[in-house]
Amino acid sequence: MRVILLGAPGAGKGTQARFITEKFGIPQISTGDMLRAAVKAGSPLGLQVKDVMDSGGLVSDEIIIALIQERLTQPDCAVGFLFDGFPRTIPQAEALRAAGVKLDHVVEIAVDDEEIVNRLSGRRVHPGSGRVYHTLYNPPQAEGLDDVSGEALVQREDDKEETIRKRLAIYHSQTQPLVDFYQQLSAAEGSPKYSRIEGVGSVDDITGKVLEALN
Ligand code: AP5
Ligand code: ZN
């Protein structure tokens with residue numbers, strides 16, 4: 001199964017991706033996680049993208065498309081995949097199509113901007129695994145520590161209110177056009193199946209709705 005999870009920053013893509021990939025035995029391909037790993041490792045890619053990521057801007061389409069092309073050649077993608085945070089611009093979606101990658105589902109998780117700001121200001125992450133928490137909505141068992149490893153949780157550099165607002169503005173101008181793009185494709189070609197779900201409610205409720213959309 002080949003799926004795109006579409007949604008604003010903080011809509012819950014990473015949170016839901018975990019359940020879906022486990023259930024279907026497919027890898028999660030999060031361009032954000034891949035780029036953050038490169039930054040952490042201090043690789044040439046990481047050095048190139050760090051400033052733009054910290055400021056909430058988008059990394060260039062060329063870099064992202066090359067990253068995805070390389071990732072899709074890996075054997076675990078043979079069974080399918082779930083894209084989280086990709087594609088994010090029309091050129092990225094066009095590149096995927098030009099590469100002949102057929103998609104089964106696009107699931108849009110819709111959450112309004114004020115709720116996004118609440119979610120991202122309280123988000124804490126475990127850098128090693130990408131596990132995501134929220135100080136109020138989804139707290140870890142021990143404050144500030146990852147449930148599995150016991151290691152410290154951190155706040156993402158781009159989760160400051162001013163940067164969150166900038167990311168939202170970029171989402172509306174650059175990424176939201178993908179809603180029309182995939183709805184039209186779905187209407188014209190019968191696939192991918194497009195589903196829009198309301199992303200407000202408990203994490204479990206949203207998981208239920210996502211799974212229903214995928215069945
Ligand atoms: P990326 O990592 O993709 O960030 P994003 O799209 O901004 O999305 P987030 O990770 O912020 O949100 P999410 O939807 O995963 O929400 P989460 O589950 O964590 O990208 C980061 C940067 O990398 C970009 O800014 C850009 O620079 C670059 N980049 C990446 N991909 C790119 C691309 N394709 N092209 C160009 N540049 C690219 O949840 C958020 C919070 O809410 C958490 O605290 C969580 O616990 C909480 N929460 C989740 N669900 C619920 C719920 N139901 N109720 C209450 N709280 C909830
Ligand atoms: Zn994420």
# chains A, B, ... in the order shown; residues from 1 in each chain; ligands from 1
$ residues_near_ligand --ligand "ligand 1" --cutoff "6 Å" --atoms "only C-alpha atoms and all ligand atoms" --output "PyMOL selection string"
chain A and resi 8-15+31-33+52-53+56-60+64+85-88+119-120+122-124+132-134+137-138+200-203
$ residues_around --residues "Gln183 in chain A" --least-positions-apart "5" --cutoff "10 Å" --atoms "only C-alpha atoms" --output "compact mmCIF listing (two decimals) with C-alpha atoms, in the first residue's frame"
# COMPACT_ATOMS: atom_id res chain seq x y z
CA VAL A 106 -4.10 10.31 -0.05
CA LEU A 178 -1.97 19.62 -3.38
CA ALA A 188 -9.95 11.84 -13.39
CA GLY A 190 -10.04 6.80 -10.07
CA SER A 191 -6.85 6.64 -7.99
CA PRO A 192 -5.41 7.55 -5.58
CA LYS A 193 -8.47 7.44 -3.34
CA TYR A 194 -8.73 10.85 -1.62
CA SER A 195 -10.07 11.10 1.94
$ residues_around --residues "Gly80 in chain A" --least-positions-apart "4" --cutoff "8 Å" --atoms "only C-alpha atoms" --output "number ranges by chain"
A: 1-3, 26-27, 76
$ select_by_dssp --residues "range 83-209 of chain A" --states "strand (DSSP E or B)" --output "list in words"
Phe83, Asp84, His105, Val106, Val107, Glu108, Ile109, Ala110, Arg123, Arg124, Val125, Val132, Tyr133, His134, Asn138, Leu145, Ala152, Val154, Lys193, Tyr194, Ser195, Arg196, Ile197 and Glu198 of chain A
$ write_last_selection --atoms "N, CA and C atoms" --output "PDB file, in the first residue's frame"
ATOM      1  N   PHE A  83       4.142   8.215   3.042  1.00  0.00           N
ATOM      2  CA  PHE A  83       4.836   9.497   3.011  1.00  0.00           C
ATOM      3  C   PHE A  83       4.246  10.430   4.058  1.00  0.00           C
ATOM      4  N   ASP A  84       5.126  11.007   4.872  1.00  0.00           N
ATOM      5  CA  ASP A  84       4.726  11.967   5.911  1.00  0.00           C
ATOM      6  C   ASP A  84       5.552  13.235   5.670  1.00  0.00           C
ATOM      7  N   HIS A 105      -3.653   5.805  -1.821  1.00  0.00           N
ATOM      8  CA  HIS A 105      -4.478   6.675  -0.975  1.00  0.00           C
ATOM      9  C   HIS A 105      -3.772   7.988  -0.673  1.00  0.00           C
ATOM     10  N   VAL A 106      -4.557   9.053  -0.637  1.00  0.00           N
ATOM     11  CA  VAL A 106      -4.102  10.313  -0.045  1.00  0.00           C
ATOM     12  C   VAL A 106      -5.080  10.614   1.088  1.00  0.00           C
ATOM     13  N   VAL A 107      -4.568  10.714   2.306  1.00  0.00           N
ATOM     14  CA  VAL A 107      -5.425  11.013   3.446  1.00  0.00           C
ATOM     15  C   VAL A 107      -5.034  12.384   3.995  1.00  0.00           C
ATOM     16  N   GLU A 108      -5.981  13.296   3.952  1.00  0.00           N
ATOM     17  CA  GLU A 108      -5.735  14.644   4.469  1.00  0.00           C
ATOM     18  C   GLU A 108      -6.257  14.725   5.894  1.00  0.00           C
ATOM     19  N   ILE A 109      -5.405  15.170   6.805  1.00  0.00           N
ATOM     20  CA  ILE A 109      -5.823  15.381   8.191  1.00  0.00           C
ATOM     21  C   ILE A 109      -5.993  16.886   8.378  1.00  0.00           C
ATOM     22  N   ALA A 110      -7.236  17.322   8.603  1.00  0.00           N
ATOM     23  CA  ALA A 110      -7.534  18.752   8.659  1.00  0.00           C
ATOM     24  C   ALA A 110      -7.635  19.248  10.106  1.00  0.00           C
ATOM     25  N   ARG A 123       4.628  20.578  21.900  1.00  0.00           N
ATOM     26  CA  ARG A 123       5.220  19.322  21.408  1.00  0.00           C
ATOM     27  C   ARG A 123       6.606  19.090  22.006  1.00  0.00           C
ATOM     28  N   ARG A 124       6.892  17.841  22.331  1.00  0.00           N
ATOM     29  CA  ARG A 124       8.231  17.417  22.731  1.00  0.00           C
ATOM     30  C   ARG A 124       8.541  16.153  21.930  1.00  0.00           C
ATOM     31  N   VAL A 125       9.792  16.004  21.510  1.00  0.00           N
ATOM     32  CA  VAL A 125      10.143  14.849  20.680  1.00  0.00           C
ATOM     33  C   VAL A 125      11.351  14.112  21.243  1.00  0.00           C
ATOM     34  N   VAL A 132       6.765  11.220  19.325  1.00  0.00           N
ATOM     35  CA  VAL A 132       6.242  12.562  19.547  1.00  0.00           C
ATOM     36  C   VAL A 132       5.316  12.582  20.760  1.00  0.00           C
ATOM     37  N   TYR A 133       5.448  13.615  21.588  1.00  0.00           N
ATOM     38  CA  TYR A 133       4.581  13.781  22.762  1.00  0.00           C
ATOM     39  C   TYR A 133       4.041  15.208  22.787  1.00  0.00           C
ATOM     40  N   HIS A 134       3.113  15.447  23.718  1.00  0.00           N
ATOM     41  CA  HIS A 134       2.639  16.812  23.964  1.00  0.00           C
ATOM     42  C   HIS A 134       2.542  16.978  25.469  1.00  0.00           C
ATOM     43  N   ASN A 138      -0.640  14.649  25.260  1.00  0.00           N
ATOM     44  CA  ASN A 138      -0.080  13.304  25.067  1.00  0.00           C
ATOM     45  C   ASN A 138       1.235  13.231  25.852  1.00  0.00           C
ATOM     46  N   LEU A 145      10.805  12.757  29.636  1.00  0.00           N
ATOM     47  CA  LEU A 145      11.585  11.576  29.247  1.00  0.00           C
ATOM     48  C   LEU A 145      10.786  10.669  28.302  1.00  0.00           C
ATOM     49  N   ALA A 152      16.138  11.939  27.302  1.00  0.00           N
ATOM     50  CA  ALA A 152      15.494  13.256  27.393  1.00  0.00           C
ATOM     51  C   ALA A 152      14.738  13.619  26.114  1.00  0.00           C
ATOM     52  N   VAL A 154      13.159  16.700  23.670  1.00  0.00           N
ATOM     53  CA  VAL A 154      13.557  18.075  23.351  1.00  0.00           C
ATOM     54  C   VAL A 154      12.427  18.783  22.602  1.00  0.00           C
ATOM     55  N   LYS A 193      -7.239   7.098  -4.055  1.00  0.00           N
ATOM     56  CA  LYS A 193      -8.471   7.443  -3.344  1.00  0.00           C
ATOM     57  C   LYS A 193      -8.161   8.616  -2.409  1.00  0.00           C
ATOM     58  N   TYR A 194      -8.983   9.670  -2.459  1.00  0.00           N
ATOM     59  CA  TYR A 194      -8.735  10.846  -1.624  1.00  0.00           C
ATOM     60  C   TYR A 194      -9.708  10.872  -0.453  1.00  0.00           C
ATOM     61  N   SER A 195      -9.201  11.009   0.769  1.00  0.00           N
ATOM     62  CA  SER A 195     -10.072  11.102   1.943  1.00  0.00           C
ATOM     63  C   SER A 195      -9.647  12.278   2.794  1.00  0.00           C
ATOM     64  N   ARG A 196     -10.624  13.037   3.265  1.00  0.00           N
ATOM     65  CA  ARG A 196     -10.323  14.141   4.174  1.00  0.00           C
ATOM     66  C   ARG A 196     -10.947  13.818   5.512  1.00  0.00           C
ATOM     67  N   ILE A 197     -10.148  13.829   6.562  1.00  0.00           N
ATOM     68  CA  ILE A 197     -10.727  13.557   7.876  1.00  0.00           C
ATOM     69  C   ILE A 197     -10.467  14.732   8.809  1.00  0.00           C
ATOM     70  N   GLU A 198     -11.390  14.946   9.739  1.00  0.00           N
ATOM     71  CA  GLU A 198     -11.211  16.002  10.735  1.00  0.00           C
ATOM     72  C   GLU A 198     -10.193  15.497  11.750  1.00  0.00           C
TER      73      GLU A 198
END
$ select_by_dssp --residues "range 12-201 of chain A" --states "alpha helix (DSSP H)" --output "ChimeraX atom specification"
/A:13-24,31-41,44-54,61-72,90-98,113-121,161-170,177-189
$ write_last_selection --atoms "C-alpha atoms" --output "PDB file, in the first residue's frame"
ATOM      1  CA  LYS A  13       0.954  13.188  10.597  1.00  0.00           C
ATOM      2  CA  GLY A  14       3.901  11.807  12.568  1.00  0.00           C
ATOM      3  CA  THR A  15       1.647  10.678  15.430  1.00  0.00           C
ATOM      4  CA  GLN A  16      -0.700   8.746  13.115  1.00  0.00           C
ATOM      5  CA  ALA A  17       2.056   7.457  10.820  1.00  0.00           C
ATOM      6  CA  ARG A  18       3.350   5.282  13.643  1.00  0.00           C
ATOM      7  CA  PHE A  19       0.066   3.328  13.952  1.00  0.00           C
ATOM      8  CA  ILE A  20      -0.556   2.989  10.227  1.00  0.00           C
ATOM      9  CA  THR A  21       2.922   1.761   9.339  1.00  0.00           C
ATOM     10  CA  GLU A  22       2.776  -0.813  12.153  1.00  0.00           C
ATOM     11  CA  LYS A  23      -0.622  -2.068  11.079  1.00  0.00           C
ATOM     12  CA  PHE A  24       0.238  -2.389   7.397  1.00  0.00           C
ATOM     13  CA  THR A  31      11.316  13.874   4.852  1.00  0.00           C
ATOM     14  CA  GLY A  32      11.346  16.020   8.014  1.00  0.00           C
ATOM     15  CA  ASP A  33      12.789  13.133  10.104  1.00  0.00           C
ATOM     16  CA  MET A  34      15.339  12.323   7.374  1.00  0.00           C
ATOM     17  CA  LEU A  35      16.486  15.939   7.188  1.00  0.00           C
ATOM     18  CA  ARG A  36      16.653  16.303  10.984  1.00  0.00           C
ATOM     19  CA  ALA A  37      18.802  13.137  11.119  1.00  0.00           C
ATOM     20  CA  ALA A  38      21.157  14.686   8.529  1.00  0.00           C
ATOM     21  CA  VAL A  39      21.375  17.901  10.567  1.00  0.00           C
ATOM     22  CA  LYS A  40      22.095  15.926  13.732  1.00  0.00           C
ATOM     23  CA  ALA A  41      24.809  13.905  11.980  1.00  0.00           C
ATOM     24  CA  PRO A  44      26.886  17.899   4.024  1.00  0.00           C
ATOM     25  CA  LEU A  45      23.116  17.656   3.444  1.00  0.00           C
ATOM     26  CA  GLY A  46      22.479  18.568   7.078  1.00  0.00           C
ATOM     27  CA  LEU A  47      24.738  21.619   6.902  1.00  0.00           C
ATOM     28  CA  GLN A  48      22.985  22.709   3.736  1.00  0.00           C
ATOM     29  CA  VAL A  49      19.433  22.540   5.142  1.00  0.00           C
ATOM     30  CA  LYS A  50      19.823  23.463   8.821  1.00  0.00           C
ATOM     31  CA  ASP A  51      19.195  27.214   8.595  1.00  0.00           C
ATOM     32  CA  VAL A  52      16.186  26.988   6.316  1.00  0.00           C
ATOM     33  CA  MET A  53      14.611  24.306   8.536  1.00  0.00           C
ATOM     34  CA  ASP A  54      15.237  26.222  11.767  1.00  0.00           C
ATOM     35  CA  ASP A  61      12.488  20.805  -4.391  1.00  0.00           C
ATOM     36  CA  GLU A  62      15.741  19.527  -5.983  1.00  0.00           C
ATOM     37  CA  ILE A  63      17.137  18.351  -2.657  1.00  0.00           C
ATOM     38  CA  ILE A  64      13.867  16.755  -1.567  1.00  0.00           C
ATOM     39  CA  ILE A  65      13.252  14.983  -4.874  1.00  0.00           C
ATOM     40  CA  ALA A  66      16.788  13.529  -4.867  1.00  0.00           C
ATOM     41  CA  LEU A  67      16.330  12.374  -1.263  1.00  0.00           C
ATOM     42  CA  ILE A  68      13.052  10.620  -2.078  1.00  0.00           C
ATOM     43  CA  GLN A  69      14.362   9.052  -5.273  1.00  0.00           C
ATOM     44  CA  GLU A  70      17.225   7.516  -3.330  1.00  0.00           C
ATOM     45  CA  ARG A  71      14.945   6.359  -0.499  1.00  0.00           C
ATOM     46  CA  LEU A  72      12.507   4.637  -2.867  1.00  0.00           C
ATOM     47  CA  ILE A  90       3.224  20.930  -6.763  1.00  0.00           C
ATOM     48  CA  PRO A  91       6.681  20.335  -8.340  1.00  0.00           C
ATOM     49  CA  GLN A  92       7.337  17.563  -5.785  1.00  0.00           C
ATOM     50  CA  ALA A  93       3.998  15.917  -6.624  1.00  0.00           C
ATOM     51  CA  GLU A  94       4.709  16.237 -10.343  1.00  0.00           C
ATOM     52  CA  ALA A  95       8.142  14.656  -9.875  1.00  0.00           C
ATOM     53  CA  LEU A  96       6.557  11.693  -8.113  1.00  0.00           C
ATOM     54  CA  ARG A  97       4.136  11.253 -10.971  1.00  0.00           C
ATOM     55  CA  ALA A  98       6.892  11.638 -13.576  1.00  0.00           C
ATOM     56  CA  ASP A 113      -4.549  27.068  12.646  1.00  0.00           C
ATOM     57  CA  GLU A 114      -5.179  27.987  16.302  1.00  0.00           C
ATOM     58  CA  GLU A 115      -5.232  24.343  17.351  1.00  0.00           C
ATOM     59  CA  ILE A 116      -1.988  23.857  15.407  1.00  0.00           C
ATOM     60  CA  VAL A 117      -0.288  26.608  17.385  1.00  0.00           C
ATOM     61  CA  ASN A 118      -1.417  24.952  20.671  1.00  0.00           C
ATOM     62  CA  ARG A 119      -0.173  21.582  19.552  1.00  0.00           C
ATOM     63  CA  LEU A 120       3.211  22.682  18.292  1.00  0.00           C
ATOM     64  CA  SER A 121       4.001  24.931  21.248  1.00  0.00           C
ATOM     65  CA  GLU A 161       5.362  30.585  17.942  1.00  0.00           C
ATOM     66  CA  GLU A 162       6.737  32.996  15.328  1.00  0.00           C
ATOM     67  CA  THR A 163       8.226  30.129  13.310  1.00  0.00           C
ATOM     68  CA  ILE A 164       5.016  28.102  13.636  1.00  0.00           C
ATOM     69  CA  ARG A 165       3.057  31.013  12.074  1.00  0.00           C
ATOM     70  CA  LYS A 166       5.530  31.186   9.208  1.00  0.00           C
ATOM     71  CA  ARG A 167       5.285  27.409   8.608  1.00  0.00           C
ATOM     72  CA  LEU A 168       1.489  27.694   8.549  1.00  0.00           C
ATOM     73  CA  ALA A 169       1.603  30.514   5.993  1.00  0.00           C
ATOM     74  CA  ILE A 170       3.904  28.428   3.785  1.00  0.00           C
ATOM     75  CA  PRO A 177      -2.726  23.372  -3.586  1.00  0.00           C
ATOM     76  CA  LEU A 178      -1.966  19.624  -3.375  1.00  0.00           C
ATOM     77  CA  VAL A 179      -5.510  19.113  -2.054  1.00  0.00           C
ATOM     78  CA  ASP A 180      -6.936  20.159  -5.428  1.00  0.00           C
ATOM     79  CA  PHE A 181      -4.154  18.418  -7.304  1.00  0.00           C
ATOM     80  CA  TYR A 182      -4.919  15.016  -5.771  1.00  0.00           C
ATOM     81  CA  GLN A 183      -8.692  15.468  -5.712  1.00  0.00           C
ATOM     82  CA  GLN A 184      -8.630  16.180  -9.435  1.00  0.00           C
ATOM     83  CA  LEU A 185      -6.315  13.266 -10.108  1.00  0.00           C
ATOM     84  CA  SER A 186      -8.567  10.987  -8.094  1.00  0.00           C
ATOM     85  CA  ALA A 187     -11.655  12.173 -10.000  1.00  0.00           C
ATOM     86  CA  ALA A 188      -9.953  11.836 -13.386  1.00  0.00           C
ATOM     87  CA  GLU A 189      -8.159   8.515 -12.916  1.00  0.00           C
TER      88      GLU A 189
END
$ atom_distance --atom1 "CA of Thr89 in chain A" --atom2 "CA of Gln174 in chain A"
5.5 Å
$ residues_around --residues "Glu151 in chain A" --least-positions-apart "6" --cutoff "12 Å" --atoms "only C-alpha atoms" --output "count of residues only"
11
$ closest_residue --among "A:Asp159, A:Ala99, A:Leu153, A:Thr73" --to "ligand 2" --atoms "only C-alpha atoms and all ligand atoms"
A:Asp159
$ closest_residue --among "A:Gln176, A:Ile206, A:Gly130, A:Phe81" --to "ligand 2" --atoms "only C-alpha atoms and all ligand atoms"
A:Gly130
